[in-house]
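A.B. asks: Structure file input25.pdb (PDB, C-alpha atoms) is given on the next line.
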```pdb
ATOM      1  CA  MET A   1     115.123 150.366  18.770
ATOM      2  CA  ARG A   2     111.888 148.943  20.115
ATOM      3  CA  ASN A   3     108.982 151.283  20.644
ATOM      4  CA  SER A   4     106.842 151.191  23.770
ATOM      5  CA  TYR A   5     103.963 149.532  21.907
ATOM      6  CA  THR A   6     106.160 146.596  20.907
ATOM      7  CA  ALA A   7     107.552 146.282  24.428
ATOM      8  CA  ASP A   8     104.036 146.412  25.954
ATOM      9  CA  TYR A   9     102.772 143.875  23.429
ATOM     10  CA  GLU A  10     105.657 141.473  24.049
ATOM     11  CA  MET A  11     105.251 141.774  27.837
ATOM     12  CA  LEU A  12     101.500 141.149  27.606
ATOM     13  CA  LYS A  13     101.991 138.228  25.228
ATOM     14  CA  ARG A  14     104.515 136.619  27.579
ATOM     15  CA  SER A  15     102.161 137.222  30.506
ATOM     16  CA  VAL A  16      99.217 135.619  28.696
ATOM     17  CA  LEU A  17     101.323 132.672  27.583
ATOM     18  CA  HIS A  18     102.733 132.228  31.093
ATOM     19  CA  GLU A  19      99.234 132.397  32.592
ATOM     20  CA  MET A  20      98.034 129.777  30.126
ATOM     21  CA  SER A  21     101.062 127.512  30.505
ATOM     22  CA  GLY A  22      99.638 126.037  33.692
ATOM     23  CA  LYS A  23      96.274 125.396  32.051
ATOM     24  CA  GLU A  24      96.556 124.615  28.353
ATOM     25  CA  MET A  25      98.489 125.632  25.303
ATOM     26  CA  LEU A  26      97.182 128.115  22.774
ATOM     27  CA  THR A  27      94.545 126.778  20.442
ATOM     28  CA  ARG A  28      95.446 126.587  16.785
ATOM     29  CA  ARG A  29      93.211 129.578  16.073
ATOM     30  CA  GLU A  30      94.824 131.678  18.819
ATOM     31  CA  ALA A  31      98.291 130.759  17.588
ATOM     32  CA  HIS A  32      97.244 131.710  14.042
ATOM     33  CA  PHE A  33      95.996 135.116  15.194
ATOM     34  CA  TRP A  34      99.191 135.736  17.213
ATOM     35  CA  LYS A  35     101.207 134.896  14.099
ATOM     36  CA  LEU A  36      99.148 137.351  12.019
ATOM     37  CA  HIS A  37      99.530 139.946  14.750
ATOM     38  CA  ASP A  38     103.318 139.533  14.735
ATOM     39  CA  HIS A  39     103.430 139.703  10.944
ATOM     40  CA  LEU A  40     101.401 142.923  10.853
ATOM     41  CA  ASN A  41     103.700 144.464  13.455
ATOM     42  CA  GLU A  42     106.654 143.655  11.191
ATOM     43  CA  VAL A  43     104.852 145.151   8.171
ATOM     44  CA  ILE A  44     104.228 148.354  10.121
ATOM     45  CA  LYS A  45     107.876 148.529  11.240
ATOM     46  CA  PHE A  46     109.006 147.971   7.635
ATOM     47  CA  SER A  47     106.878 150.857   6.324
ATOM     48  CA  ASP A  48     108.165 153.111   9.113
ATOM     49  CA  THR A  49     111.745 152.192   8.197
ATOM     50  CA  LYS A  50     111.114 153.063   4.554
ATOM     51  CA  ALA A  51     109.584 156.394   5.548
ATOM     52  CA  LEU A  52     112.550 157.255   7.750
ATOM     53  CA  ALA A  53     114.902 156.361   4.888
ATOM     54  CA  VAL A  54     113.035 158.784   2.609
ATOM     55  CA  ILE A  55     113.259 161.512   5.242
ATOM     56  CA  THR A  56     116.999 160.863   5.604
ATOM     57  CA  ILE A  57     117.507 161.057   1.829
ATOM     58  CA  PHE A  58     115.747 164.401   1.735
ATOM     59  CA  GLY A  59     117.761 165.667   4.684
ATOM     60  CA  ALA A  60     120.957 164.948   2.755
ATOM     61  CA  ALA A  61     119.491 166.421  -0.448
ATOM     62  CA  ILE A  62     118.526 169.661   1.310
ATOM     63  CA  ILE A  63     122.031 170.043   2.724
ATOM     64  CA  PHE A  64     123.507 169.394  -0.729
ATOM     65  CA  PHE A  65     121.074 171.804  -2.377
ATOM     66  CA  PHE A  66     121.839 174.714  -0.079
ATOM     67  CA  THR A  67     125.554 174.000   0.153
ATOM     68  CA  TYR A  68     126.437 173.478  -3.491
ATOM     69  CA  LEU A  69     123.658 175.044  -5.513
ATOM     70  CA  SER A  70     123.001 178.284  -3.619
ATOM     71  CA  HIS A  71     125.281 180.303  -5.930
ATOM     72  CA  TYR A  72     122.969 179.448  -8.859
ATOM     73  CA  PHE A  73     119.867 181.058  -7.306
ATOM     74  CA  GLU A  74     120.170 184.330  -9.255
ATOM     75  CA  GLN A  75     120.636 182.518 -12.556
ATOM     76  CA  ILE A  76     117.679 180.232 -11.833
ATOM     77  CA  GLN A  77     115.415 183.213 -11.180
ATOM     78  CA  LYS A  78     116.286 184.707 -14.585
ATOM     79  CA  HIS A  79     115.042 181.671 -16.516
ATOM     80  CA  THR A  80     111.329 180.922 -16.180
ATOM     81  CA  THR A  81     111.531 177.335 -17.411
ATOM     82  CA  VAL A  82     114.377 176.442 -15.064
ATOM     83  CA  SER A  83     112.586 178.207 -12.192
ATOM     84  CA  PHE A  84     109.464 176.168 -12.910
ATOM     85  CA  ILE A  85     111.416 172.885 -12.945
ATOM     86  CA  VAL A  86     113.184 173.747  -9.676
ATOM     87  CA  ILE A  87     109.886 174.733  -8.021
ATOM     88  CA  ALA A  88     108.267 171.480  -9.239
ATOM     89  CA  THR A  89     111.225 169.553  -7.798
ATOM     90  CA  ILE A  90     110.851 171.281  -4.434
ATOM     91  CA  LEU A  91     107.073 170.720  -4.333
ATOM     92  CA  SER A  92     107.482 167.047  -5.224
ATOM     93  CA  GLY A  93     110.079 166.698  -2.458
ATOM     94  CA  LEU A  94     107.803 168.384   0.069
ATOM     95  CA  ALA A  95     104.959 166.027  -0.879
ATOM     96  CA  SER A  96     107.247 163.030  -0.395
ATOM     97  CA  ILE A  97     108.378 164.314   3.001
ATOM     98  CA  TYR A  98     104.751 164.960   3.998
ATOM     99  CA  PHE A  99     103.700 161.381   3.211
ATOM    100  CA  SER A 100     106.776 160.011   4.987
ATOM    101  CA  PHE A 101     105.952 161.940   8.148
ATOM    102  CA  LYS A 102     102.320 160.902   7.826
ATOM    103  CA  CYS A 103     103.458 157.278   7.628
ATOM    104  CA  VAL A 104     105.592 157.421  10.789
ATOM    105  CA  SER A 105     103.079 159.392  12.830
ATOM    106  CA  PRO A 106     101.252 157.195  15.355
ATOM    107  CA  ARG A 107      97.780 155.939  14.562
ATOM    108  CA  PHE A 108      95.372 154.818  17.211
ATOM    109  CA  ALA A 109      92.258 152.742  17.093
ATOM    110  CA  PRO A 110      89.238 154.515  18.541
ATOM    111  CA  ILE A 111      88.278 153.437  22.021
ATOM    112  CA  LYS A 112      84.930 151.688  21.641
ATOM    113  CA  ASN A 113      84.993 148.225  23.145
ATOM    114  CA  LEU A 114      87.860 147.929  25.588
ATOM    115  CA  SER A 115      90.387 145.305  24.642
ATOM    116  CA  PRO A 116      92.732 144.069  27.357
ATOM    117  CA  ILE A 117      95.481 143.391  24.809
ATOM    118  CA  TYR A 118      95.574 146.817  23.088
ATOM    119  CA  PHE A 119      97.993 149.185  24.821
ATOM    120  CA  ARG A 120      95.891 152.331  24.419
ATOM    121  CA  HIS A 121      92.766 150.633  25.748
ATOM    122  CA  ILE A 122      94.752 149.301  28.695
ATOM    123  CA  SER A 123      96.219 152.687  29.580
ATOM    124  CA  GLN A 124      93.095 154.796  29.026
ATOM    125  CA  GLY A 125      90.239 152.387  29.583
ATOM    126  CA  TYR A 126      91.257 150.708  32.797
ATOM    127  CA  SER A 127      91.932 153.317  35.433
ATOM    128  CA  LEU A 128      92.558 150.701  38.099
ATOM    129  CA  PHE A 129      94.711 147.605  37.816
ATOM    130  CA  PRO A 130      92.061 145.330  39.417
ATOM    131  CA  ASP A 131      89.626 146.207  36.594
ATOM    132  CA  PHE A 132      92.217 145.304  34.003
ATOM    133  CA  TRP A 133      93.171 142.117  35.854
ATOM    134  CA  GLU A 134      89.525 141.064  36.129
ATOM    135  CA  LYS A 135      88.891 141.594  32.411
ATOM    136  CA  THR A 136      92.068 139.694  31.493
ATOM    137  CA  ASN A 137      91.040 136.759  33.682
ATOM    138  CA  GLU A 138      87.573 136.757  32.107
ATOM    139  CA  ILE A 139      89.156 136.458  28.689
ATOM    140  CA  LEU A 140      91.450 133.658  29.761
ATOM    141  CA  ALA A 141      88.492 131.804  31.268
ATOM    142  CA  GLU A 142      86.339 131.906  28.116
ATOM    143  CA  GLU A 143      86.989 129.418  25.341
ATOM    144  CA  ASP A 144      86.982 131.770  22.329
ATOM    145  CA  ALA A 145      87.491 135.132  24.045
ATOM    146  CA  LEU A 146      91.278 135.288  23.688
ATOM    147  CA  ALA A 147      91.095 134.365  19.998
ATOM    148  CA  ARG A 148      88.426 137.059  19.525
ATOM    149  CA  GLU A 149      90.600 139.700  21.232
ATOM    150  CA  ILE A 150      93.658 138.768  19.191
ATOM    151  CA  ALA A 151      91.544 138.794  16.015
ATOM    152  CA  PHE A 152      90.315 142.281  16.961
ATOM    153  CA  GLN A 153      93.943 143.423  17.214
ATOM    154  CA  VAL A 154      94.717 141.836  13.856
ATOM    155  CA  LYS A 155      91.823 143.839  12.361
ATOM    156  CA  VAL A 156      93.077 147.088  13.914
ATOM    157  CA  LEU A 157      96.676 146.467  12.827
ATOM    158  CA  SER A 158      95.519 145.603   9.304
ATOM    159  CA  GLY A 159      93.905 149.029   9.004
ATOM    160  CA  ILE A 160      97.016 150.754  10.349
ATOM    161  CA  ALA A 161      99.289 148.777   8.009
ATOM    162  CA  GLU A 162      97.104 149.593   5.006
ATOM    163  CA  LYS A 163      97.160 153.333   5.745
ATOM    164  CA  LYS A 164     100.914 153.283   6.295
ATOM    165  CA  PHE A 165     101.540 151.433   3.036
ATOM    166  CA  ILE A 166      99.363 153.900   1.117
ATOM    167  CA  ASP A 167     101.362 156.776   2.631
ATOM    168  CA  ILE A 168     104.738 155.202   1.926
ATOM    169  CA  ALA A 169     103.692 154.336  -1.634
ATOM    170  CA  TRP A 170     102.890 158.008  -2.281
ATOM    171  CA  SER A 171     106.090 159.059  -0.569
ATOM    172  CA  VAL A 172     108.188 156.797  -2.790
ATOM    173  CA  ARG A 173     106.325 157.946  -5.921
ATOM    174  CA  PHE A 174     107.055 161.574  -5.053
ATOM    175  CA  LEU A 175     110.672 160.654  -4.214
ATOM    176  CA  ILE A 176     111.081 159.164  -7.687
ATOM    177  CA  SER A 177     109.489 162.206  -9.327
ATOM    178  CA  THR A 178     111.735 164.462  -7.218
ATOM    179  CA  ILE A 179     114.812 162.554  -8.374
ATOM    180  CA  LEU A 180     113.726 162.779 -12.017
ATOM    181  CA  LEU A 181     112.887 166.475 -11.709
ATOM    182  CA  GLY A 182     116.148 167.037  -9.811
ATOM    183  CA  VAL A 183     118.135 165.485 -12.652
ATOM    184  CA  LEU A 184     116.210 167.627 -15.138
ATOM    185  CA  SER A 185     116.897 170.685 -12.957
ATOM    186  CA  ALA A 186     120.613 169.877 -12.791
ATOM    187  CA  ILE A 187     120.782 169.440 -16.574
ATOM    188  CA  SER A 188     118.886 172.724 -17.066
ATOM    189  CA  ILE A 189     121.171 174.578 -14.665
ATOM    190  CA  TYR A 190     124.249 173.072 -16.327
ATOM    191  CA  LEU A 191     123.054 174.085 -19.803
ATOM    192  CA  MET A 192     122.133 177.527 -18.530
ATOM    193  CA  SER A 193     125.608 178.272 -17.167
TER     194      SER A 193
END
```
Can you dump the structure from the file as structure tokens?
C.D. replies:
Amino acid sequence: MRNSYTADYEMLKRSVLHEMSGKEMLTRREAHFWKLHDHLNEVIKFSDTKALAVITIFGAAIIFFFTYLSHYFEQIQKHTTVSFIVIATILSGLASIYFSFKCVSPRFAPIKNLSPIYFRHISQGYSLFPDFWEKTNEILAEEDALAREIAFQVKVLSGIAEKKFIDIAWSVRFLISTILLGVLSAISIYLMS
């Protein structure tokens, strides 16, 4: 499913390319920046997909935990070591879920210099369409302006991608520790019964 940012970006890109088709093709630098921009969008989508997979795994694990292991709660409470392992498993799982949700939550670049190719700047910075249209035409008229705007977006997306990958890395680390602690918990519960 495509998000609104991707749809807005694709529509704007087609519009810019159509506008330029009567004049000249993209310069090599502009094409390079568009390629980087597309790649970073794919990197961001990939990290979001991983985060949603982690959330799905934990959703299934929670259902399993409460469905099949609920009758062991009293026995777990009687054994301090087993209780500690189960609590550590739960805390590790919560940390993984936290970082997954942090990864998929939207991130926005601050509005400083208005960019006519960044969706948030377009929606919040240009209250009237003629203002937006004028700025877009200015960019298309200048030699290096479009490349500069695309490069700005590449910079913004790079920061977003980096933050998302840090979050998903922590999420996966906590997922692995949750799995290991979960196995240890299961073995402890099995030996206890």
A.B. asks: Rounded to one decimal place, report the CA of Phe84 (chain A)-CA of Lys50 (chain A) distance in Å.
C.D. replies: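 A separation of 29.0 Å between them.
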A.B. asks: Quick one, how far is CA of Ala161 (chain A) from CA of Val104 (chain A)?
C.D. replies: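 A separation of 11.1 Å between them.
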A.B. asks: From the options A:Leu175, A:Leu157, A:Cys103, A:Val82, which residue's atoms come nearest to Ile57 (chain A), counting only C-alpha atoms?
C.D. replies: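 Of A:Leu175, A:Leu157, A:Cys103, A:Val82, the one nearest Ile57 (chain A) is A:Leu175, counting only C-alpha atoms.
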A.B. asks: I'd like the interatomic distance between CA of His32 (chain A) and CA of Leu140 (chain A), to a tenth of an Å.
C.D. replies: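 So the two atoms, CA of His32 (chain A) and CA of Leu140 (chain A), lie 16.9 Å apart.
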A.B. asks: With all atoms listed in the file as the atoms that count, which of A:His37, A:Lys163, A:Lys78, A:Arg28 lies nearest to Ser100 (chain A)?
C.D. replies: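 Looking at the shortest contact to Ser100 (chain A), the residue is A:Lys163.
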A.B. asks: Taking the file above as input, evaluate the PyMOL selection byres ((chain A and resi 41) around 10) and report the hits as a list in words.
C.D. replies: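 Against this file, the PyMOL selection byres ((chain A and resi 41) around 10) returns the residues Tyr5, Thr6, Lys35, Leu36, His37, Asp38, His39, Leu40, Glu42, Val43, Ile44, Lys45, Phe46, Val154, Leu157, Ser158, Ile160 and Ala161 of chain A.
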A.B. asks: From the set A:Leu191, A:Leu114, A:Ile166, A:Ala61, which residue has the shortest atom-to-atom contact distance to Phe99 (chain A), counting only C-alpha atoms?
C.D. replies: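 Closest to Phe99 (chain A) of all the choices is A:Ile166.
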A.B. asks: From the set A:Ala169, A:Leu181, A:Ala145, A:Ala186, which residue has the shortest atom-to-atom contact distance to Asp48 (chain A), counting all atoms listed in the file?
C.D. replies: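 Looking only at the distances to Asp48 (chain A), the closest residue turns out to be A:Ala169.
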A.B. asks: Go through the shown structure with the PyMOL selection byres ((chain A and resi 150) around 8) and write out the matching residues as number ranges by chain.
C.D. replies: A: 30, 33-34, 37, 117, 146-149, 151-154
A.B. asks: Starting from the PyMOL selection byres ((chain A and resi 122) around 12), expand the selection into actual residues of this file and give them as a list in words.
C.D. replies: Tyr5, Asp8, Tyr9, Leu12, Ile111, Asn113, Leu114, Ser115, Pro116, Ile117, Tyr118, Phe119, Arg120, His121, Ser123, Gln124, Gly125, Tyr126, Ser127, Leu128, Phe129, Pro130, Asp131, Phe132, Trp133, Lys135 and Thr136 of chain A
A.B. asks: When distances are computed from all atoms listed in the file, which of A:Phe66, A:Phe108, A:Tyr190, A:Tyr98 shows the smallest separation from Val172 (chain A)?
C.D. replies: A:Tyr98
A.B. asks: Where's the centre, and what are the edge lengths in Å to one decimal, of a box along x, y and z enclosing all listed atoms of region 88-95 of chain A padded 6 Å per side, as JSON?
C.D. replies:
```
{"center_x": 108.1, "center_y": 168.8, "center_z": -4.6, "size_x": 18.3, "size_y": 17.5, "size_z": 21.3}
```
A.B. asks: Find the residue from A:Met192, A:Leu69, A:Leu184, A:Val54 that sits nearest to Ile85 (chain A); use all atoms listed in the file when measuring.
C.D. replies: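 For Ile85 (chain A), the nearest of the candidates is A:Leu184.
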